[in-house]
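> File follows, target34.txt with compact mmCIF, C-alpha atoms (C1' of nucleotides):
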```
# COMPACT_ATOMS: atom_id res chain seq x y z
CA MET A 1 -66.82 -78.77 -32.01
CA SER A 2 -68.39 -75.66 -30.65
CA PHE A 3 -68.82 -73.93 -27.32
CA SER A 4 -71.83 -71.69 -26.69
CA ILE A 5 -72.60 -69.18 -23.99
CA ALA A 6 -75.70 -67.10 -23.32
CA THR A 7 -76.80 -64.30 -21.01
CA PHE A 8 -80.31 -63.64 -19.69
CA ASN A 9 -81.70 -61.14 -17.20
CA CYS A 10 -84.55 -63.32 -15.93
CA ASN A 11 -86.13 -60.68 -13.63
CA SER A 12 -86.83 -63.23 -10.86
CA LEU A 13 -85.70 -66.81 -11.44
CA ARG A 14 -88.71 -68.09 -9.48
CA ALA A 15 -91.09 -66.31 -11.83
CA ARG A 16 -89.10 -67.34 -14.93
CA MET A 17 -88.04 -70.91 -14.14
CA HIS A 18 -90.38 -72.27 -16.83
CA ILE A 19 -88.65 -70.12 -19.44
CA VAL A 20 -85.09 -70.88 -18.31
CA THR A 21 -85.61 -74.67 -18.15
CA ARG A 22 -87.48 -74.80 -21.47
CA TRP A 23 -84.80 -72.66 -23.11
CA LEU A 24 -81.96 -74.84 -21.77
CA LYS A 25 -83.69 -77.98 -23.08
CA GLU A 26 -84.34 -76.50 -26.52
CA ARG A 27 -81.14 -74.52 -27.11
CA ASP A 28 -78.54 -76.81 -25.63
CA VAL A 29 -75.96 -74.16 -24.62
CA ASP A 30 -72.80 -74.94 -22.65
CA VAL A 31 -73.07 -71.97 -20.29
CA LEU A 32 -75.91 -69.65 -19.26
CA CYS A 33 -75.27 -66.51 -17.20
CA LEU A 34 -78.29 -65.17 -15.31
CA GLN A 35 -78.93 -61.79 -13.72
CA GLU A 36 -81.65 -60.49 -11.40
CA THR A 37 -82.35 -63.95 -10.02
CA LYS A 38 -83.89 -62.26 -6.94
CA ILE A 39 -83.47 -65.47 -4.98
CA GLN A 40 -81.51 -66.23 -1.82
CA ASP A 41 -78.89 -68.97 -1.98
CA ASP A 42 -80.76 -71.48 0.19
CA ALA A 43 -83.69 -71.37 -2.25
CA PHE A 44 -81.67 -71.55 -5.49
CA PRO A 45 -82.98 -74.44 -7.66
CA GLU A 46 -79.58 -76.12 -7.95
CA GLU A 47 -81.00 -79.67 -8.09
CA GLU A 48 -83.41 -78.85 -10.89
CA PHE A 49 -80.57 -77.50 -13.01
CA ARG A 50 -78.41 -80.50 -12.12
CA ARG A 51 -81.14 -82.80 -13.47
CA LEU A 52 -80.90 -80.89 -16.74
CA GLY A 53 -77.15 -81.47 -16.78
CA TYR A 54 -75.98 -78.10 -15.45
CA GLU A 55 -73.73 -77.27 -12.56
CA SER A 56 -74.35 -73.87 -11.00
CA VAL A 57 -72.71 -71.18 -8.92
CA TYR A 58 -74.79 -68.31 -7.60
CA LYS A 59 -75.08 -65.46 -5.15
CA GLY A 60 -78.42 -63.90 -4.44
CA GLN A 61 -80.28 -61.72 -2.01
CA LYS A 62 -83.89 -61.00 -1.18
CA SER A 63 -85.90 -59.03 -3.76
CA TYR A 64 -83.08 -57.51 -5.79
CA ASN A 65 -80.06 -58.42 -7.89
CA GLY A 66 -78.61 -61.93 -7.85
CA VAL A 67 -76.30 -63.55 -10.41
CA ALA A 68 -75.77 -67.19 -11.40
CA VAL A 69 -73.65 -69.16 -13.85
CA LEU A 70 -74.98 -72.50 -15.13
CA SER A 71 -72.61 -74.84 -16.97
CA ARG A 72 -72.52 -78.26 -18.60
CA HIS A 73 -68.79 -78.36 -17.80
CA SER A 74 -67.19 -78.12 -14.39
CA ILE A 75 -66.95 -74.68 -12.83
CA ASP A 76 -63.79 -73.70 -10.97
CA ASP A 77 -62.68 -70.78 -8.81
CA ALA A 78 -66.10 -69.16 -8.40
CA GLN A 79 -65.84 -65.73 -6.78
CA PHE A 80 -68.30 -62.93 -6.21
CA GLY A 81 -67.79 -59.18 -6.05
CA PHE A 82 -64.69 -57.18 -6.87
CA ASN A 83 -62.67 -57.96 -3.72
CA ASP A 84 -61.24 -54.46 -4.02
CA GLY A 85 -62.06 -53.21 -0.54
CA GLU A 86 -65.04 -51.23 -1.82
CA ASP A 87 -67.51 -54.11 -2.03
CA LEU A 88 -71.02 -53.57 -0.71
CA ASP A 89 -73.32 -56.61 -0.23
CA ASP A 90 -75.00 -55.35 -3.35
CA ASP A 91 -71.80 -55.72 -5.41
CA VAL A 92 -71.44 -59.35 -4.38
CA THR A 93 -74.84 -60.18 -5.88
CA ARG A 94 -74.03 -58.30 -9.09
CA LEU A 95 -70.68 -59.79 -10.11
CA ALA A 96 -69.74 -63.46 -10.52
CA ARG A 97 -66.43 -64.73 -11.82
CA CYS A 98 -65.41 -68.30 -12.58
CA ARG A 99 -63.36 -70.54 -14.85
CA ILE A 100 -64.94 -72.99 -17.29
CA LYS A 101 -63.00 -75.06 -19.84
CA GLY A 102 -60.03 -72.75 -19.43
CA LEU A 103 -62.15 -69.67 -20.13
CA LEU A 104 -62.59 -66.85 -17.64
CA ILE A 105 -66.26 -66.00 -17.29
CA VAL A 106 -67.30 -62.66 -15.77
CA ASN A 107 -71.05 -62.26 -15.31
CA THR A 108 -72.26 -58.80 -14.29
CA TYR A 109 -75.51 -57.07 -13.43
CA VAL A 110 -74.34 -53.46 -13.60
CA PRO A 111 -76.22 -50.97 -11.36
CA GLN A 112 -78.92 -49.25 -13.39
CA GLY A 113 -78.27 -45.77 -11.97
CA LYS A 114 -81.82 -44.44 -11.41
CA SER A 115 -81.26 -40.99 -12.98
CA VAL A 116 -78.27 -39.01 -14.22
CA ILE A 117 -78.55 -36.63 -11.24
CA HIS A 118 -78.82 -39.43 -8.65
CA ASP A 119 -75.79 -40.65 -6.64
CA ASP A 120 -76.43 -44.11 -8.04
CA PHE A 121 -75.42 -42.86 -11.47
CA GLN A 122 -71.99 -41.88 -10.12
CA ARG A 123 -71.82 -45.30 -8.54
CA LYS A 124 -72.59 -46.84 -11.94
CA LEU A 125 -69.77 -44.90 -13.60
CA ARG A 126 -67.45 -45.94 -10.78
CA TRP A 127 -68.57 -49.56 -11.24
CA PHE A 128 -67.19 -49.56 -14.77
CA GLU A 129 -63.92 -48.07 -13.52
CA ARG A 130 -63.70 -50.80 -10.90
CA LEU A 131 -64.32 -53.42 -13.57
CA ARG A 132 -61.49 -52.04 -15.65
CA GLU A 133 -59.26 -52.08 -12.56
CA LEU A 134 -60.31 -55.67 -11.86
CA PHE A 135 -59.41 -56.78 -15.37
CA ALA A 136 -56.11 -54.91 -15.25
CA ARG A 137 -55.28 -56.32 -11.81
CA LYS A 138 -56.26 -59.97 -12.35
CA TYR A 139 -56.11 -60.70 -16.07
CA ARG A 140 -54.43 -60.00 -19.39
CA PRO A 141 -56.19 -59.17 -22.66
CA ASP A 142 -54.48 -62.10 -24.43
CA GLN A 143 -56.36 -64.53 -22.17
CA LYS A 144 -59.70 -66.05 -23.20
CA ILE A 145 -62.18 -63.93 -21.25
CA ILE A 146 -65.94 -63.56 -21.65
CA TRP A 147 -67.52 -60.58 -19.89
CA CYS A 148 -71.25 -60.80 -20.24
CA GLY A 149 -74.50 -59.84 -18.58
CA ASP A 150 -76.94 -57.01 -18.22
CA LEU A 151 -74.51 -54.10 -18.59
CA ASN A 152 -77.33 -51.55 -18.49
CA VAL A 153 -75.74 -49.56 -21.32
CA ALA A 154 -76.68 -49.25 -24.97
CA PRO A 155 -73.17 -48.72 -26.41
CA GLU A 156 -74.04 -46.86 -29.62
CA PRO A 157 -76.91 -44.87 -31.17
CA ILE A 158 -78.00 -47.91 -33.19
CA ASP A 159 -78.55 -49.75 -29.90
CA VAL A 160 -81.63 -47.69 -28.99
CA HIS A 161 -84.85 -46.90 -30.79
CA ASP A 162 -84.53 -43.11 -30.43
CA PRO A 163 -81.04 -41.77 -29.52
CA ASP A 164 -82.21 -38.14 -29.19
CA LEU A 165 -85.02 -39.06 -26.81
CA TYR A 166 -82.62 -41.03 -24.59
CA ALA A 167 -79.68 -38.59 -24.46
CA ASN A 168 -80.20 -38.13 -20.70
CA HIS A 169 -81.15 -41.68 -19.88
CA VAL A 170 -78.88 -43.56 -17.42
CA CYS A 171 -78.46 -46.37 -19.95
CA PHE A 172 -77.49 -44.13 -22.87
CA HIS A 173 -76.03 -40.86 -21.50
CA GLU A 174 -72.65 -40.04 -23.05
CA ALA A 175 -70.90 -40.43 -19.68
CA VAL A 176 -72.05 -44.01 -19.24
CA ARG A 177 -71.23 -44.93 -22.83
CA ALA A 178 -67.74 -43.47 -22.31
CA ALA A 179 -67.40 -45.48 -19.08
CA LEU A 180 -68.26 -48.69 -20.93
CA LYS A 181 -65.90 -47.78 -23.74
CA ARG A 182 -63.05 -47.38 -21.25
CA VAL A 183 -63.51 -50.98 -20.15
CA MET A 184 -63.81 -52.15 -23.75
CA GLU A 185 -60.51 -50.45 -24.59
CA TRP A 186 -58.77 -52.72 -22.11
CA GLY A 187 -59.33 -55.52 -24.61
CA PHE A 188 -62.94 -56.44 -25.36
CA VAL A 189 -64.97 -56.81 -28.55
CA ASP A 190 -68.79 -56.66 -28.64
CA ILE A 191 -69.23 -60.02 -30.32
CA PHE A 192 -72.93 -59.65 -31.15
CA ARG A 193 -72.30 -56.39 -33.00
CA LYS A 194 -69.42 -57.92 -34.90
CA PHE A 195 -71.80 -60.43 -36.50
CA HIS A 196 -74.78 -58.04 -36.70
CA PRO A 197 -73.97 -54.53 -37.96
CA GLU A 198 -77.63 -53.89 -38.74
CA PRO A 199 -79.82 -51.62 -36.55
CA GLY A 200 -83.07 -52.63 -34.87
CA GLN A 201 -81.62 -55.52 -32.81
CA TYR A 202 -82.55 -55.29 -29.13
CA SER A 203 -82.33 -57.44 -26.01
CA PHE A 204 -84.65 -55.44 -23.74
CA TYR A 205 -88.20 -54.20 -24.20
CA ASP A 206 -89.70 -52.08 -21.42
CA TYR A 207 -92.86 -53.62 -19.97
CA ARG A 208 -94.33 -50.13 -19.84
CA THR A 209 -94.09 -49.48 -23.57
CA PRO A 210 -97.28 -50.83 -25.13
CA ARG A 211 -96.63 -53.54 -27.74
CA ALA A 212 -92.92 -52.71 -27.55
CA VAL A 213 -91.78 -55.94 -29.23
CA LYS A 214 -94.27 -55.65 -32.06
CA ARG A 215 -93.25 -52.01 -32.64
CA ASN A 216 -89.58 -52.94 -31.99
CA ILE A 217 -89.10 -50.18 -29.43
CA GLY A 218 -86.25 -51.68 -27.46
CA TRP A 219 -82.73 -51.35 -26.13
CA ARG A 220 -79.60 -53.46 -26.53
CA LEU A 221 -78.42 -53.66 -22.91
CA ASP A 222 -77.37 -57.32 -22.62
CA HIS A 223 -73.98 -58.11 -24.01
CA ILE A 224 -71.32 -60.73 -24.58
CA MET A 225 -67.93 -59.03 -24.65
CA VAL A 226 -64.89 -61.14 -25.52
CA THR A 227 -61.14 -60.74 -25.69
CA ARG A 228 -59.24 -60.99 -28.95
CA PRO A 229 -58.43 -64.75 -28.82
CA LEU A 230 -62.15 -65.45 -28.48
CA GLU A 231 -63.06 -62.98 -31.19
CA GLU A 232 -60.95 -65.11 -33.48
CA ALA A 233 -62.66 -68.30 -32.32
CA ALA A 234 -66.20 -66.84 -32.59
CA LYS A 235 -68.55 -68.42 -35.14
CA ASP A 236 -71.72 -66.41 -34.60
CA ALA A 237 -73.85 -64.49 -32.13
CA PHE A 238 -77.54 -63.68 -31.99
CA ILE A 239 -80.40 -62.33 -29.91
CA ASP A 240 -83.00 -65.03 -29.31
CA LEU A 241 -86.38 -63.31 -29.31
CA GLU A 242 -88.49 -66.44 -29.33
CA PRO A 243 -88.80 -66.66 -25.52
CA ARG A 244 -90.54 -63.28 -25.69
CA LEU A 245 -93.48 -65.22 -27.16
CA TRP A 246 -93.59 -67.71 -24.29
CA GLU A 247 -95.85 -67.33 -21.29
CA ARG A 248 -94.92 -64.47 -18.89
CA PRO A 249 -91.70 -63.36 -20.61
CA SER A 250 -88.99 -61.29 -18.94
CA ASP A 251 -88.46 -57.75 -20.20
CA HIS A 252 -85.02 -58.94 -21.34
CA THR A 253 -84.24 -61.82 -23.68
CA PHE A 254 -81.37 -64.24 -24.35
CA VAL A 255 -78.16 -63.23 -26.14
CA VAL A 256 -76.05 -66.12 -27.43
CA ALA A 257 -72.52 -66.52 -28.82
CA ARG A 258 -70.87 -69.60 -30.32
CA PHE A 259 -67.18 -70.37 -30.62
CA ASP A 260 -64.99 -72.96 -32.25
CA ASP A 261 -63.58 -74.71 -29.18
CA ALA A 262 -60.74 -76.56 -30.93
CA HIS A 263 -58.18 -74.62 -28.91
CA PHE A 264 -60.02 -74.55 -25.58
CA SER A 265 -58.58 -76.71 -22.81
C1' DA B 266 -99.17 -38.15 -23.31
C1' DT B 267 -93.63 -37.36 -18.44
C1' DG B 268 -97.72 -42.22 -18.58
C1' DG B 269 -97.17 -47.19 -18.83
C1' DT B 270 -96.17 -52.89 -16.33
C1' DC B 271 -94.03 -56.19 -13.85
C1' DG B 272 -91.96 -58.71 -9.48
C1' DA B 273 -91.23 -58.88 -4.62
C1' DC B 274 -93.21 -57.56 -0.81
C1' DT B 275 -96.05 -54.26 2.21
C1' DC B 276 -97.17 -50.67 0.17
C1' DT B 277 -93.92 -48.92 -2.30
C1' DC B 278 -89.68 -49.55 -4.59
C1' DG B 279 -86.65 -50.74 -8.37
C1' DA B 280 -86.39 -51.48 -13.23
```
Would you put the structure from the file into structure tokens?

Amino acid sequence: MSFSIATFNCNSLRARMHIVTRWLKERDVDVLCLQETKIQDDAFPEEEFRRLGYESVYKGQKSYNGVAVLSRHSIDDAQFGFNDGEDLDDDVTRLARCRIKGLLIVNTYVPQGKSVIHDDFQRKLRWFERLRELFARKYRPDQKIIWCGDLNVAPEPIDVHDPDLYANHVCFHEAVRAALKRVMEWGFVDIFRKFHPEPGQYSFYDYRTPRAVKRNIGWRLDHIMVTRPLEEAAKDAFIDLEPRLWERPSDHTFVVARFDDAHFS
DNA sequence: ATGGTCGACTCTCGA
């Protein structure tokens, strides 16, 4: 049997509900992690997801951010934010953690950073440090952990259309790539890249770039990072571009990974 | 060519 998980920055769940529900019906995943839901908790469409067979945990705020985890299996120990004494309200709507089928799921919407000379960029770098501290404090790399979401970093030159052009971009600058790498070194593998060494695979296409998808001018910012035991259980991973052809697509698309769940609880 | 387009919400910001 297999277990599948996906991540999607929906850029407003309200505006993208048609895409999320259609995708869930057609793709049949076990777990979907959402970012940028931009919806407050009292308006979250929990019942609609329940009718499709999905439980959900979520934390949102007005206009910005917001994360949710949808699951066919029961969700335990849902928590939001780092709980490290540094949490802003903003952090709580950017980081969700829970336990599903014995797996630890960490869903993040990492701060974008605005520009490399803005304070928010320092905050972004610090965010990755705090994530590493969180993993070191709460977990071990021999556990089955999935860290996924919009990480707002293209890890390597092949993850952007033009590495020279983006050298000073907040999602590709060497400092932010090093910050991501530091977290990865704790014990994560980029499971999409493991199955797809080829260039030209992106999860994000800027609305402002004309015909970006057609010209394949994109970024790989949405990731599914897994610990070693899950790397061994992984069967495949892919970027699902089809929803980009549906009505009113998000600027991001779905990234999916599948595992052999024979050893999951 | 330093623009462009979305979404949420007040008109401008964040991405």
> Applying 12 Å and all atoms listed in the file, which residues near Arg51 (chain A) remain after dropping the ones on its own chain fewer than 4 positions away? List them as a VMD selection string.
chain A and resid 21 24 to 25 45 to 47 55 to 56 72
> Can you write just those residues out, C-alpha atoms, as a PDB file, in the coordinates of the input?

```pdb
ATOM      1  CA  THR A  21     -85.610 -74.670 -18.150  1.00  0.00           C
ATOM      2  CA  LEU A  24     -81.960 -74.840 -21.770  1.00  0.00           C
ATOM      3  CA  LYS A  25     -83.690 -77.980 -23.080  1.00  0.00           C
ATOM      4  CA  PRO A  45     -82.980 -74.440  -7.660  1.00  0.00           C
ATOM      5  CA  GLU A  46     -79.580 -76.120  -7.950  1.00  0.00           C
ATOM      6  CA  GLU A  47     -81.000 -79.670  -8.090  1.00  0.00           C
ATOM      7  CA  GLU A  55     -73.730 -77.270 -12.560  1.00  0.00           C
ATOM      8  CA  SER A  56     -74.350 -73.870 -11.000  1.00  0.00           C
ATOM      9  CA  ARG A  72     -72.520 -78.260 -18.600  1.00  0.00           C
TER      10      ARG A  72
END
```
> Check which residues of chain B sit at most 7 Å from chain A using only C-alpha atoms (C1' of nucleotides), and return one row each with the closest pair of atoms and their distance in Å to one decimal, ordered by chain and rising number, as a Markdown table.

```
| residue | atom | partner | partner_atom | distance |
| --- | --- | --- | --- | --- |
| B:DG269 | C1' | A:Arg208 | CA | 4.2 |
| B:DT270 | C1' | A:Arg208 | CA | 4.8 |
| B:DC271 | C1' | A:Tyr207 | CA | 6.7 |
| B:DG272 | C1' | A:Ser12 | CA | 7.0 |
| B:DA273 | C1' | A:Ser63 | CA | 5.4 |
```
> Can you tell me, as a list in words, what residues are no more than 10 Å from Leu245 (chain A) when counting only C-alpha atoms (C1' of nucleotides), ignoring any on the same chain fewer than 4 positions away?
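Everything that qualifies: Val213, Leu241 and Pro249 of chain A.
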> Return the padded bounding box of region 26-33 of chain A as lines of an AutoDock Vina configuration file: axis-aligned, built from all atoms listed in the file, 4 Å added on each side, with centre and edge lengths in Å to one decimal.

```
center_x = -78.6
center_y = -71.7
center_z = -22.2
size_x = 19.5
size_y = 18.3
size_z = 17.9
```
> Please determine, counting all atoms listed in the file, which residue among A:Pro141, A:Pro197, A:Gly187, A:Gly113 has the shortest atom-to-atom distance to DA280 (chain B).
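Between A:Pro141, A:Pro197, A:Gly187, A:Gly113, the residue approaching DA280 (chain B) most closely is A:Gly113.
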